[in-house]
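Just target25.pdb here, PDB, C-alpha atoms, pLDDT in the B column:
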```pdb
MODEL        1
ATOM      1  CA  MET H   1      18.513 -11.902 -17.900  1.00 45.00           C
ATOM      2  CA  ASP H   2      15.619 -10.764 -20.062  1.00 44.00           C
ATOM      3  CA  TYR H   3      12.366 -10.622 -18.108  1.00 45.00           C
ATOM      4  CA  ARG H   4       8.973 -10.295 -19.782  1.00 48.00           C
ATOM      5  CA  PRO H   5       5.510 -11.202 -18.495  1.00 47.00           C
ATOM      6  CA  GLY H   6       4.721 -14.862 -18.958  1.00 48.00           C
ATOM      7  CA  ASN H   7       1.341 -16.545 -18.664  1.00 49.00           C
ATOM      8  CA  PHE H   8      -0.972 -17.196 -15.739  1.00 48.00           C
ATOM      9  CA  LYS H   9      -0.404 -20.943 -15.676  1.00 53.00           C
ATOM     10  CA  HIS H  10       1.393 -22.781 -12.903  1.00 69.00           C
ATOM     11  CA  LEU H  11       1.191 -19.970 -10.361  1.00 85.00           C
ATOM     12  CA  PRO H  12       2.850 -20.734  -7.013  1.00 91.00           C
ATOM     13  CA  GLU H  13       0.354 -21.215  -4.196  1.00 93.00           C
ATOM     14  CA  VAL H  14       0.868 -18.058  -2.120  1.00 95.00           C
ATOM     15  CA  VAL H  15       0.729 -15.654  -5.061  1.00 96.00           C
ATOM     16  CA  LYS H  16      -2.293 -17.478  -6.468  1.00 95.00           C
ATOM     17  CA  ASN H  17      -4.163 -17.290  -3.177  1.00 95.00           C
ATOM     18  CA  LEU H  18      -3.265 -13.627  -2.659  1.00 96.00           C
ATOM     19  CA  LEU H  19      -4.671 -12.843  -6.099  1.00 96.00           C
ATOM     20  CA  ILE H  20      -7.866 -14.740  -5.278  1.00 96.00           C
ATOM     21  CA  ILE H  21      -8.322 -13.126  -1.854  1.00 96.00           C
ATOM     22  CA  ASN H  22      -7.826  -9.621  -3.220  1.00 96.00           C
ATOM     23  CA  GLY H  23     -10.292 -10.332  -6.011  1.00 96.00           C
ATOM     24  CA  LEU H  24     -12.880 -11.684  -3.561  1.00 96.00           C
ATOM     25  CA  PHE H  25     -12.512  -8.644  -1.309  1.00 95.00           C
ATOM     26  CA  PHE H  26     -13.089  -6.354  -4.284  1.00 95.00           C
ATOM     27  CA  LEU H  27     -16.188  -8.274  -5.391  1.00 95.00           C
ATOM     28  CA  ALA H  28     -17.501  -8.219  -1.820  1.00 95.00           C
ATOM     29  CA  THR H  29     -16.913  -4.455  -1.645  1.00 94.00           C
ATOM     30  CA  ILE H  30     -19.009  -3.870  -4.753  1.00 92.00           C
ATOM     31  CA  THR H  31     -21.735  -6.340  -3.773  1.00 93.00           C
ATOM     32  CA  LEU H  32     -22.156  -5.297  -0.153  1.00 92.00           C
ATOM     33  CA  ASP H  33     -22.057  -1.590  -0.977  1.00 85.00           C
ATOM     34  CA  GLY H  34     -25.387  -2.049  -2.738  1.00 80.00           C
ATOM     35  CA  MET H  35     -26.729  -3.626   0.452  1.00 85.00           C
ATOM     36  CA  GLY H  36     -25.679  -0.708   2.650  1.00 81.00           C
ATOM     37  CA  PHE H  37     -22.535  -2.284   4.124  1.00 87.00           C
ATOM     38  CA  ASP H  38     -19.408  -0.135   3.788  1.00 90.00           C
ATOM     39  CA  MET H  39     -16.376  -2.443   3.536  1.00 93.00           C
ATOM     40  CA  TYR H  40     -14.011   0.528   3.605  1.00 93.00           C
ATOM     41  CA  GLN H  41     -15.317   1.591   7.004  1.00 91.00           C
ATOM     42  CA  PHE H  42     -14.701  -1.815   8.578  1.00 92.00           C
ATOM     43  CA  PHE H  43     -11.647  -3.073   6.704  1.00 95.00           C
ATOM     44  CA  GLY H  44      -9.840   0.058   5.461  1.00 94.00           C
ATOM     45  CA  LEU H  45      -7.038   1.397   7.679  1.00 94.00           C
ATOM     46  CA  HIS H  46      -8.175   4.395   9.746  1.00 94.00           C
ATOM     47  CA  GLN H  47      -6.091   6.672  11.906  1.00 93.00           C
ATOM     48  CA  PHE H  48      -6.000   5.966  15.639  1.00 91.00           C
ATOM     49  CA  GLN H  49      -8.099   9.071  16.383  1.00 90.00           C
ATOM     50  CA  SER H  50     -10.996   7.825  14.271  1.00 91.00           C
ATOM     51  CA  ASN H  51     -13.896   6.029  15.930  1.00 90.00           C
ATOM     52  CA  ASP H  52     -13.737   3.608  12.988  1.00 92.00           C
ATOM     53  CA  PHE H  53     -10.195   2.417  13.771  1.00 94.00           C
ATOM     54  CA  LYS H  54      -9.880  -1.279  14.637  1.00 94.00           C
ATOM     55  CA  PRO H  55      -6.610  -3.233  15.085  1.00 94.00           C
ATOM     56  CA  HIS H  56      -7.537  -5.807  12.423  1.00 95.00           C
ATOM     57  CA  GLN H  57      -7.444  -3.035   9.802  1.00 96.00           C
ATOM     58  CA  LEU H  58      -3.629  -3.120   9.913  1.00 94.00           C
ATOM     59  CA  VAL H  59      -3.939  -6.418   8.004  1.00 95.00           C
ATOM     60  CA  THR H  60      -7.288  -6.222   6.213  1.00 96.00           C
ATOM     61  CA  HIS H  61      -6.523  -2.947   4.416  1.00 94.00           C
ATOM     62  CA  LEU H  62      -3.920  -4.883   2.383  1.00 95.00           C
ATOM     63  CA  PHE H  63      -6.743  -6.739   0.632  1.00 96.00           C
ATOM     64  CA  MET H  64      -8.972  -3.728  -0.049  1.00 94.00           C
ATOM     65  CA  HIS H  65      -8.768  -1.558  -3.178  1.00 92.00           C
ATOM     66  CA  GLY H  66     -10.395   1.692  -4.168  1.00 88.00           C
ATOM     67  CA  SER H  67     -11.112   0.847  -7.814  1.00 88.00           C
ATOM     68  CA  PHE H  68     -10.694  -1.867 -10.417  1.00 90.00           C
ATOM     69  CA  THR H  69      -7.686  -0.029 -11.861  1.00 89.00           C
ATOM     70  CA  HIS H  70      -6.081   0.118  -8.415  1.00 87.00           C
ATOM     71  CA  LEU H  71      -6.668  -3.621  -7.974  1.00 91.00           C
ATOM     72  CA  PHE H  72      -5.528  -4.544 -11.485  1.00 90.00           C
ATOM     73  CA  PHE H  73      -2.145  -2.830 -11.399  1.00 85.00           C
ATOM     74  CA  ASN H  74      -1.324  -4.087  -7.909  1.00 88.00           C
ATOM     75  CA  MET H  75      -2.265  -7.641  -8.808  1.00 92.00           C
ATOM     76  CA  PHE H  76      -0.462  -7.466 -12.146  1.00 86.00           C
ATOM     77  CA  ALA H  77       2.765  -6.475 -10.369  1.00 86.00           C
ATOM     78  CA  LEU H  78       2.218  -9.155  -7.712  1.00 92.00           C
ATOM     79  CA  TRP H  79       1.757 -11.792 -10.411  1.00 92.00           C
ATOM     80  CA  MET H  80       4.653 -10.555 -12.530  1.00 85.00           C
ATOM     81  CA  PHE H  81       7.299 -10.288  -9.798  1.00 88.00           C
ATOM     82  CA  GLY H  82       5.810 -12.232  -6.895  1.00 92.00           C
ATOM     83  CA  LYS H  83       5.741 -15.569  -8.702  1.00 92.00           C
ATOM     84  CA  VAL H  84       9.490 -15.293  -9.390  1.00 91.00           C
ATOM     85  CA  LEU H  85      10.274 -14.503  -5.764  1.00 94.00           C
ATOM     86  CA  GLU H  86       8.064 -17.282  -4.426  1.00 95.00           C
ATOM     87  CA  ASN H  87       9.741 -19.795  -6.736  1.00 93.00           C
ATOM     88  CA  VAL H  88      13.148 -18.650  -5.421  1.00 91.00           C
ATOM     89  CA  TRP H  89      12.278 -18.292  -1.725  1.00 92.00           C
ATOM     90  CA  GLY H  90       9.455 -20.769  -1.294  1.00 92.00           C
ATOM     91  CA  GLY H  91       5.931 -19.986  -0.180  1.00 93.00           C
ATOM     92  CA  LYS H  92       6.543 -19.534   3.541  1.00 94.00           C
ATOM     93  CA  ARG H  93       9.360 -17.013   3.198  1.00 94.00           C
ATOM     94  CA  PHE H  94       7.544 -15.115   0.462  1.00 96.00           C
ATOM     95  CA  LEU H  95       4.392 -14.794   2.567  1.00 96.00           C
ATOM     96  CA  VAL H  96       6.414 -13.606   5.574  1.00 96.00           C
ATOM     97  CA  TYR H  97       8.138 -11.027   3.371  1.00 96.00           C
ATOM     98  CA  TYR H  98       4.868  -9.872   1.813  1.00 96.00           C
ATOM     99  CA  MET H  99       3.132  -9.377   5.157  1.00 96.00           C
ATOM    100  CA  ILE H 100       6.103  -7.699   6.862  1.00 95.00           C
ATOM    101  CA  THR H 101       6.547  -5.215   4.026  1.00 95.00           C
ATOM    102  CA  GLY H 102       2.796  -4.561   4.001  1.00 94.00           C
ATOM    103  CA  LEU H 103       2.733  -3.919   7.747  1.00 95.00           C
ATOM    104  CA  GLY H 104       5.926  -1.858   7.483  1.00 93.00           C
ATOM    105  CA  ALA H 105       4.324   0.257   4.789  1.00 91.00           C
ATOM    106  CA  ALA H 106       1.292   0.837   7.018  1.00 92.00           C
ATOM    107  CA  SER H 107       3.535   1.762   9.949  1.00 91.00           C
ATOM    108  CA  LEU H 108       5.438   4.433   8.036  1.00 90.00           C
ATOM    109  CA  HIS H 109       2.229   5.790   6.534  1.00 89.00           C
ATOM    110  CA  LEU H 110       0.600   6.021   9.969  1.00 92.00           C
ATOM    111  CA  GLY H 111       3.717   7.621  11.438  1.00 91.00           C
ATOM    112  CA  VAL H 112       3.882  10.351   8.793  1.00 89.00           C
ATOM    113  CA  SER H 113       0.126  10.914   9.006  1.00 90.00           C
ATOM    114  CA  GLN H 114       0.266  11.177  12.803  1.00 92.00           C
ATOM    115  CA  TYR H 115       2.986  13.824  12.523  1.00 91.00           C
ATOM    116  CA  GLU H 116       0.737  15.846  10.195  1.00 90.00           C
ATOM    117  CA  ILE H 117      -2.302  15.321  12.409  1.00 92.00           C
ATOM    118  CA  LEU H 118      -0.530  16.454  15.567  1.00 92.00           C
ATOM    119  CA  SER H 119       0.845  19.518  13.758  1.00 92.00           C
ATOM    120  CA  LEU H 120      -2.638  20.504  12.585  1.00 93.00           C
ATOM    121  CA  GLN H 121      -4.259  19.776  15.951  1.00 91.00           C
ATOM    122  CA  ALA H 122      -2.018  22.387  17.530  1.00 91.00           C
ATOM    123  CA  GLN H 123      -3.538  25.020  15.233  1.00 93.00           C
ATOM    124  CA  ILE H 124      -7.185  24.563  16.202  1.00 91.00           C
ATOM    125  CA  SER H 125      -9.196  24.675  19.411  1.00 91.00           C
ATOM    126  CA  SER H 126     -10.161  21.607  21.426  1.00 91.00           C
ATOM    127  CA  ASN H 127     -13.827  22.262  20.553  1.00 92.00           C
ATOM    128  CA  ASP H 128     -13.042  22.203  16.829  1.00 92.00           C
ATOM    129  CA  LEU H 129     -11.047  19.006  17.292  1.00 91.00           C
ATOM    130  CA  ASN H 130     -13.927  17.329  19.122  1.00 93.00           C
ATOM    131  CA  THR H 131     -16.269  18.420  16.331  1.00 92.00           C
ATOM    132  CA  ILE H 132     -14.020  16.737  13.773  1.00 93.00           C
ATOM    133  CA  LEU H 133     -13.678  13.543  15.802  1.00 91.00           C
ATOM    134  CA  ASN H 134     -17.420  13.238  16.423  1.00 91.00           C
ATOM    135  CA  GLU H 135     -18.917  14.550  13.188  1.00 91.00           C
ATOM    136  CA  GLY H 136     -16.162  14.539  10.573  1.00 89.00           C
ATOM    137  CA  SER H 137     -16.745  11.080   9.104  1.00 89.00           C
ATOM    138  CA  ASN H 138     -20.449  11.789   8.532  1.00 89.00           C
ATOM    139  CA  ILE H 139     -19.622  15.065   6.815  1.00 90.00           C
ATOM    140  CA  LEU H 140     -17.196  13.333   4.442  1.00 89.00           C
ATOM    141  CA  ALA H 141     -19.772  10.591   3.782  1.00 85.00           C
ATOM    142  CA  SER H 142     -22.189  13.276   2.608  1.00 86.00           C
ATOM    143  CA  GLY H 143     -19.616  14.542   0.099  1.00 86.00           C
ATOM    144  CA  GLN H 144     -18.777  17.700   2.040  1.00 90.00           C
ATOM    145  CA  ASN H 145     -16.004  19.005   4.282  1.00 91.00           C
ATOM    146  CA  TYR H 146     -15.259  21.935   6.574  1.00 91.00           C
ATOM    147  CA  THR H 147     -14.683  25.339   4.963  1.00 91.00           C
ATOM    148  CA  ASN H 148     -11.883  26.001   7.440  1.00 92.00           C
ATOM    149  CA  PRO H 149      -8.837  24.693   5.496  1.00 91.00           C
ATOM    150  CA  ILE H 150      -7.052  23.355   8.594  1.00 93.00           C
ATOM    151  CA  MET H 151     -10.163  21.574   9.865  1.00 93.00           C
ATOM    152  CA  GLY H 152     -10.836  20.233   6.390  1.00 92.00           C
ATOM    153  CA  LYS H 153      -7.342  18.803   5.969  1.00 91.00           C
ATOM    154  CA  LEU H 154      -7.365  17.361   9.470  1.00 93.00           C
ATOM    155  CA  ASN H 155     -10.752  15.774   8.838  1.00 92.00           C
ATOM    156  CA  LEU H 156      -9.476  14.093   5.672  1.00 91.00           C
ATOM    157  CA  LEU H 157      -6.376  12.786   7.435  1.00 91.00           C
ATOM    158  CA  ILE H 158      -8.317  11.312  10.349  1.00 92.00           C
ATOM    159  CA  HIS H 159     -11.361   9.911   8.572  1.00 92.00           C
ATOM    160  CA  THR H 160     -10.147   8.849   5.127  1.00 90.00           C
ATOM    161  CA  PRO H 161      -9.284   5.131   5.184  1.00 92.00           C
ATOM    162  CA  THR H 162      -6.160   3.816   3.495  1.00 91.00           C
ATOM    163  CA  VAL H 163      -6.576   0.742   1.311  1.00 92.00           C
ATOM    164  CA  GLY H 164      -4.496  -1.335  -1.051  1.00 88.00           C
ATOM    165  CA  ALA H 165      -1.665  -3.831  -1.339  1.00 89.00           C
ATOM    166  CA  SER H 166       0.658  -1.221  -2.839  1.00 88.00           C
ATOM    167  CA  GLY H 167       3.061  -1.137   0.120  1.00 89.00           C
ATOM    168  CA  ALA H 168       3.602  -4.894  -0.012  1.00 93.00           C
ATOM    169  CA  VAL H 169       3.782  -4.804  -3.822  1.00 90.00           C
ATOM    170  CA  PHE H 170       6.489  -2.137  -3.684  1.00 89.00           C
ATOM    171  CA  GLY H 171       8.335  -4.422  -1.275  1.00 92.00           C
ATOM    172  CA  VAL H 172       8.036  -7.212  -3.860  1.00 92.00           C
ATOM    173  CA  LEU H 173       9.363  -4.890  -6.564  1.00 88.00           C
ATOM    174  CA  LEU H 174      12.311  -3.912  -4.352  1.00 90.00           C
ATOM    175  CA  ALA H 175      13.099  -7.583  -3.693  1.00 92.00           C
ATOM    176  CA  PHE H 176      13.078  -8.399  -7.401  1.00 90.00           C
ATOM    177  CA  GLY H 177      15.453  -5.510  -8.053  1.00 87.00           C
ATOM    178  CA  MET H 178      17.827  -6.690  -5.309  1.00 88.00           C
ATOM    179  CA  LEU H 179      17.798 -10.362  -6.289  1.00 88.00           C
ATOM    180  CA  PHE H 180      17.846  -9.784 -10.048  1.00 86.00           C
ATOM    181  CA  PRO H 181      19.425  -6.320 -10.469  1.00 79.00           C
ATOM    182  CA  ASN H 182      20.424  -6.820 -14.105  1.00 80.00           C
ATOM    183  CA  ALA H 183      17.152  -8.336 -15.270  1.00 77.00           C
ATOM    184  CA  LEU H 184      15.630  -6.322 -18.089  1.00 74.00           C
ATOM    185  CA  LEU H 185      12.141  -4.972 -17.486  1.00 75.00           C
ATOM    186  CA  TYR H 186      10.147  -3.638 -20.394  1.00 67.00           C
ATOM    187  CA  ILE H 187       8.229  -0.428 -19.701  1.00 65.00           C
ATOM    188  CA  TYR H 188       5.064  -0.416 -21.805  1.00 60.00           C
ATOM    189  CA  LEU H 189       6.350  -3.787 -23.078  1.00 61.00           C
ATOM    190  CA  ALA H 190       8.821  -1.919 -25.303  1.00 67.00           C
ATOM    191  CA  ILE H 191      11.382   0.197 -23.405  1.00 75.00           C
ATOM    192  CA  PRO H 192      14.084  -1.927 -21.692  1.00 74.00           C
ATOM    193  CA  ILE H 193      15.513  -0.906 -18.315  1.00 78.00           C
ATOM    194  CA  LYS H 194      17.501  -2.897 -15.768  1.00 79.00           C
ATOM    195  CA  ALA H 195      15.558  -3.815 -12.640  1.00 75.00           C
ATOM    196  CA  LYS H 196      17.995  -2.049 -10.290  1.00 75.00           C
ATOM    197  CA  TYR H 197      17.601   1.268 -12.115  1.00 77.00           C
ATOM    198  CA  PHE H 198      13.840   0.881 -12.352  1.00 76.00           C
ATOM    199  CA  VAL H 199      13.565   0.317  -8.593  1.00 76.00           C
ATOM    200  CA  ILE H 200      15.858   3.249  -7.769  1.00 77.00           C
ATOM    201  CA  LEU H 201      13.984   5.576 -10.112  1.00 77.00           C
ATOM    202  CA  TYR H 202      10.604   4.502  -8.798  1.00 67.00           C
ATOM    203  CA  GLY H 203      11.757   4.942  -5.201  1.00 69.00           C
ATOM    204  CA  LEU H 204      13.044   8.452  -5.884  1.00 71.00           C
ATOM    205  CA  LEU H 205       9.800   9.416  -7.596  1.00 70.00           C
ATOM    206  CA  GLU H 206       7.808   8.169  -4.600  1.00 61.00           C
ATOM    207  CA  LEU H 207      10.064  10.100  -2.215  1.00 64.00           C
ATOM    208  CA  TYR H 208       9.635  13.284  -4.254  1.00 57.00           C
ATOM    209  CA  ALA H 209       5.862  12.841  -4.440  1.00 61.00           C
ATOM    210  CA  GLY H 210       5.648  12.165  -0.706  1.00 52.00           C
ATOM    211  CA  ILE H 211       7.697  15.221   0.232  1.00 59.00           C
ATOM    212  CA  SER H 212       5.798  17.418  -2.238  1.00 57.00           C
ATOM    213  CA  ASN H 213       2.553  16.563  -0.378  1.00 55.00           C
ATOM    214  CA  ASN H 214       0.292  17.723  -3.203  1.00 52.00           C
ATOM    215  CA  PRO H 215      -3.189  18.365  -1.704  1.00 56.00           C
ATOM    216  CA  ALA H 216      -4.819  16.892  -4.813  1.00 50.00           C
ATOM    217  CA  ASP H 217      -2.796  13.676  -4.532  1.00 47.00           C
ATOM    218  CA  ASN H 218      -4.546  10.915  -2.579  1.00 52.00           C
ATOM    219  CA  VAL H 219      -1.788   8.306  -3.031  1.00 57.00           C
ATOM    220  CA  ALA H 220      -0.026   7.064   0.132  1.00 63.00           C
ATOM    221  CA  HIS H 221       3.512   7.566  -1.182  1.00 64.00           C
ATOM    222  CA  PHE H 222       5.159   7.000   2.192  1.00 66.00           C
ATOM    223  CA  ALA H 223       3.402   3.639   2.416  1.00 75.00           C
ATOM    224  CA  HIS H 224       5.081   2.685  -0.857  1.00 78.00           C
ATOM    225  CA  LEU H 225       8.433   3.811   0.504  1.00 80.00           C
ATOM    226  CA  GLY H 226       7.750   1.946   3.750  1.00 81.00           C
ATOM    227  CA  GLY H 227       7.291  -1.299   1.845  1.00 86.00           C
ATOM    228  CA  MET H 228      10.601  -0.779   0.066  1.00 87.00           C
ATOM    229  CA  ILE H 229      12.484   0.233   3.215  1.00 90.00           C
ATOM    230  CA  PHE H 230      11.264  -2.701   5.295  1.00 92.00           C
ATOM    231  CA  GLY H 231      11.908  -5.029   2.373  1.00 91.00           C
ATOM    232  CA  PHE H 232      15.469  -3.770   2.004  1.00 91.00           C
ATOM    233  CA  PHE H 233      16.378  -4.392   5.634  1.00 92.00           C
ATOM    234  CA  LEU H 234      14.597  -7.746   5.757  1.00 93.00           C
ATOM    235  CA  ILE H 235      16.517  -9.003   2.717  1.00 92.00           C
ATOM    236  CA  LYS H 236      19.780  -7.726   4.206  1.00 90.00           C
ATOM    237  CA  TYR H 237      18.996  -9.637   7.391  1.00 90.00           C
ATOM    238  CA  TRP H 238      18.159 -12.831   5.520  1.00 90.00           C
ATOM    239  CA  ARG H 239      21.289 -12.628   3.395  1.00 84.00           C
ATOM    240  CA  LYS H 240      23.476 -13.031   6.446  1.00 80.00           C
ATOM    241  CA  ASN H 241      22.437 -16.673   6.639  1.00 67.00           C
ATOM    242  CA  SER H 242      21.331 -17.565   3.118  1.00 63.00           C
ATOM    243  CA  ASN H 243      22.453 -17.560  -0.500  1.00 53.00           C
ATOM    244  CA  THR H 244      22.328 -14.496  -2.712  1.00 48.00           C
ATOM    245  CA  PHE H 245      20.292 -14.972  -5.882  1.00 44.00           C
ATOM    246  CA  TYR H 246      20.919 -13.091  -9.126  1.00 39.00           C
TER     247      TYR H 246
ENDMDL
END
```

For this file, write the structure as structure tokens.
Amino acid sequence: MDYRPGNFKHLPEVVKNLLIINGLFFLATITLDGMGFDMYQFFGLHQFQSNDFKPHQLVTHLFMHGSFTHLFFNMFALWMFGKVLENVWGGKRFLVYYMITGLGAASLHLGVSQYEILSLQAQISSNDLNTILNEGSNILASGQNYTNPIMGKLNLLIHTPTVGASGAVFGVLLAFGMLFPNALLYIYLAIPIKAKYFVILYGLLELYAGISNNPADNVAHFAHLGGMIFGFFLIKYWRKNSNTFY
């Protein structure tokens, strides 16, 4: 099977509506920012310790993006692979898969972040922690951070919102690789690689990047892995009672 990007015509309903919703959220983010309303504060996913955390953010952060480039590549992958999966599975199953992998990605990301937060909390005083919880978000909003490296890192972990559909999109990529393992993908539209190898390689790179924990890297690598992990087990569960597609 030779798989190249097609055109934007005849999109299945769920993928089409996901593309539209993500685009509308991005336009609203830009528009309302000029009116003094911070969409990231209300709809981005915050850590539980943050005063800005709200339960709805577990879902809404999937439709928020930090830049046009971030939005474009996520939506390109959703269009490219999601339309194939929706045509195979149907809209209802695809939407269930998309949301479960997105929520699974958020869960793993929060879990790893909470481990880091608790480890750092043990290294500072309760007064310093209260200072971060009460003042940290305002300090970051002003473009500054604490000079104490532990307080600074802890402040970023607690008060920096996570946004993007990447976790769900990585779940979609994993599903395509499992259903069509021998399909040829073209990197940069020129270099052919089988889907199964592409998915494995991408997963290993995300694992390495997540473990490396580069301070200059603001990508939620464990969220990407979470989407793939939850997608893997969900597909395995479904395959017990359904056909296998290749």

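You can rank H:Ala165, H:Leu103, H:Ile158, H:Leu11 by their closest distance to Met80 of chain H using only C-alpha atoms, and at the top of that list sits H:Leu11.
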
query: Which residues come within 9 Å of segment 129-131 of chain H, counting all atoms listed in the file, excluding same-chain residues fewer than 6 positions away, as a PyMOL selection string?
result: chain H and resi 121+151+154

message: Starting from the PyMOL selection byres ((chain H and resi 83) around 10), expand the selection into actual residues of this file and give them as a ChimeraX atom specification.
response: /H:8,10-16,77-82,84-91,94,172

So that all listed atoms of segment 115-128 of chain H fit with 5 Å spare on each side, what axis-aligned box centre and edge lengths in Å, to one decimal, would you give as AutoDock Vina command-line options?
```
--center_x -5.4 --center_y 19.4 --center_z 15.8 --size_x 26.8 --size_y 21.2 --size_z 21.2
```

query: Where does the PyMOL selection byres ((chain H and resi 146) around 12) land in this file, that is, which residues does it pick, as a PyMOL selection string?
result: chain H and resi 128-129+131-132+135-140+142-145+147-156

Residue nearest Gly66 of chain H - candidates H:Leu225, H:Val96, H:Val163, H:Ile21, atoms counted: all atoms listed in the file: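 Using all atoms listed in the file, the shortest distance to Gly66 of chain H belongs to H:Val163.
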
field: Atomic separation - atom CA of Ala195 of chain H relative to atom CA of Pro181 of chain H, Å
entry: 5.1 Å

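The shortest atom-to-atom distance to Gly102 of chain H, with only C-alpha atoms taken into account, belongs to H:Leu62 out of H:Leu62, H:Ala28, H:Leu201, H:Ala175.
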
query: What is the atom CA of Ala168 of chain H-atom CA of Lys54 of chain H distance in Å, reported with one decimal?
result: 20.2 Å

message: Taking only C-alpha atoms into account, name the residue in H:Leu204, H:Ala106, H:Leu58, H:Leu71 that is nearest to Gly167 of chain H.
response: H:Ala106

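Atom to atom, atom CA of Tyr97 of chain H and atom CA of Ile229 of chain H stand 12.1 Å apart.
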
task: List, as a ChimeraX atom specification, every residue that the PyMOL selection byres ((chain H and resi 161) around 8) selects in the file provided.
output: /H:40-41,44-47,159-160,162-163

How would the residues just picked look written out with C-alpha atoms as a PDB file, in the frame of the given file?
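Result written to result.pdb:
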```pdb
ATOM      1  CA  TYR H  40     -14.011   0.528   3.605  1.00 93.00           C
ATOM      2  CA  GLN H  41     -15.317   1.591   7.004  1.00 91.00           C
ATOM      3  CA  GLY H  44      -9.840   0.058   5.461  1.00 94.00           C
ATOM      4  CA  LEU H  45      -7.038   1.397   7.679  1.00 94.00           C
ATOM      5  CA  HIS H  46      -8.175   4.395   9.746  1.00 94.00           C
ATOM      6  CA  GLN H  47      -6.091   6.672  11.906  1.00 93.00           C
ATOM      7  CA  HIS H 159     -11.361   9.911   8.572  1.00 92.00           C
ATOM      8  CA  THR H 160     -10.147   8.849   5.127  1.00 90.00           C
ATOM      9  CA  THR H 162      -6.160   3.816   3.495  1.00 91.00           C
ATOM     10  CA  VAL H 163      -6.576   0.742   1.311  1.00 92.00           C
TER      11      VAL H 163
END
```

query: Smallest atom-to-atom distance to Tyr98 of chain H: which of H:Asn182, H:Ser166, H:Thr29, H:Asn51, using all atoms listed in the file?
result: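 Comparing H:Asn182, H:Ser166, H:Thr29, H:Asn51 against Tyr98 of chain H, the winner is H:Ser166.
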
message: Quick one: residues within 9 Å of Leu174 of chain H, all atoms listed in the file, excluding same-chain residues fewer than 4 positions away - as a list of chain:residue names?
response: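 Contacts, in chain order: H:Val169, H:Phe170, H:Met178, H:Leu179, H:Ala195, H:Lys196, H:Val199, H:Ile200, H:Gly203, H:Gly227, H:Met228, H:Ile229, H:Gly231, H:Phe232.
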
- prompt: For Ala223 of chain H, which residue out of H:Leu24, H:Ala183, H:Ile235, H:Leu108 is the nearest one, using only C-alpha atoms?
  reply: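 Of all the options, H:Leu108 lies closest to Ala223 of chain H.
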